[in-house]
Amino acid sequence: MPESSAPRRDVDRTASELAAVLPALHRALDRRVARDYPHPKPPEGQLALLRFVQEREGATVRQAAEALLMKPNNVSALVSQLTERHLLERRQDSADKRVAHLYLTPTSRRRLAEVRELETAHLTEALLSLTEGEMDALGSVLGALTSLVRGLRSAAH
């Protein structure tokens with residue numbers, strides 16, 4: 001990552017504030033969704049795996065583990081839990097029987113769509129309470145946050 005030209009104290013303050021606000025935002029949204037979701041909401045790790053498989057149908061456990069920055073045995077345990085609940089399918093590779101490819105079930109597709117709709121509705125409601133200036137600021141920062149996530153992911157590998 002390129003070095004910031006901002007003074008170090010400003011970078012440190014921003015890092016500290018982001019470290020505090022991002023988990024709080026996630027928890028607040030998660031609680032609102034859990035309150036309105038009509039099914040037992042999967043734990044965050046399971047939800048992250050389901051979302052990854054939604055983006056990359058047919059991915060392997062190893063690919064999921066790398067993308068989610070988790071150990072393969074932990075992802076394998078999540079896969080077992082989700083297949084038992086009929087939310088994920090594990091299909092053997094035709095060339096290598098030791099490798100399994102992951103696919104969503106119709107139920108998990110519907111439920112992921114329900115969760116995404118609730119998240120969008122709650123965020124929309126919250127965003128409508130912001131001023132035009134705050135909305136402009138958020139719009140400007142989205143690209144920077146995406147770059148920040150990319151940088152953190154690449155540094156974790």
# chains A, B, ... in the order shown; residues from 1 in each chain; ligands from 1
>>> residues_around(residues="region 122-136 of chain A", least_positions_apart="6", cutoff="8 Å", atoms="only C-alpha atoms", output="PyMOL selection string")
chain A and resi 29+32-33
>>> write_last_selection(atoms="N, CA, C and O atoms", output="compact mmCIF listing (two decimals), in the first residue's frame")
# COMPACT_ATOMS: atom_id res chain seq x y z
N LEU A 29 -26.55 -2.98 12.74
CA LEU A 29 -27.27 -3.52 11.59
C LEU A 29 -27.63 -4.98 11.81
O LEU A 29 -28.76 -5.40 11.54
N ARG A 32 -30.63 -5.28 14.13
CA ARG A 32 -31.89 -4.89 13.47
C ARG A 32 -32.35 -6.01 12.54
O ARG A 32 -33.54 -6.35 12.51
N VAL A 33 -31.43 -6.59 11.79
CA VAL A 33 -31.79 -7.67 10.87
C VAL A 33 -32.27 -8.88 11.66
O VAL A 33 -33.30 -9.48 11.34
>>> closest_atom_pairs(of="region 30-80 of chain A", to="region 95-107 of chain A", cutoff="7 Å", atoms="only C-alpha atoms", output="tab-separated table")
residue	atom	partner	partner_atom	distance
A:Val53	CA	A:Tyr103	CA	6.4
A:Gln54	CA	A:Leu104	CA	6.7
A:Glu57	CA	A:Tyr103	CA	5.4
A:Gly58	CA	A:His101	CA	4.7
A:Ala59	CA	A:His101	CA	5.3
A:Thr60	CA	A:His101	CA	4.7
>>> atom_distance(atom1="CA of Glu55 (chain A)", atom2="CA of Val141 (chain A)")
24.0 Å
>>> select_by_dssp(residues="region 23-157 of chain A", states="strand (DSSP E)", output="list in words")
Leu88, Glu89, Arg90, Arg91, Gln92, Ala100, His101, Leu102, Tyr103 and Leu104 of chain A
>>> residues_around(residues="region 61-74 of chain A", least_positions_apart="2", cutoff="12 Å", atoms="only C-alpha atoms", output="count of residues only")
41
>>> select_by_dssp(residues="region 32-148 of chain A", states="alpha helix (DSSP H)", output="JSON, numbers by chain")
{"A": [32, 33, 34, 35, 36, 44, 45, 46, 47, 48, 49, 50, 51, 52, 53, 54, 55, 61, 62, 63, 64, 65, 66, 67, 68, 72, 73, 74, 75, 76, 77, 78, 79, 80, 81, 82, 83, 84, 106, 107, 108, 109, 110, 111, 112, 113, 114, 115, 116, 117, 118, 119, 120, 121, 122, 123, 124, 125, 126, 127, 132, 133, 134, 135, 136, 137, 138, 139, 140, 141, 142, 143, 144, 145, 146, 147, 148]}
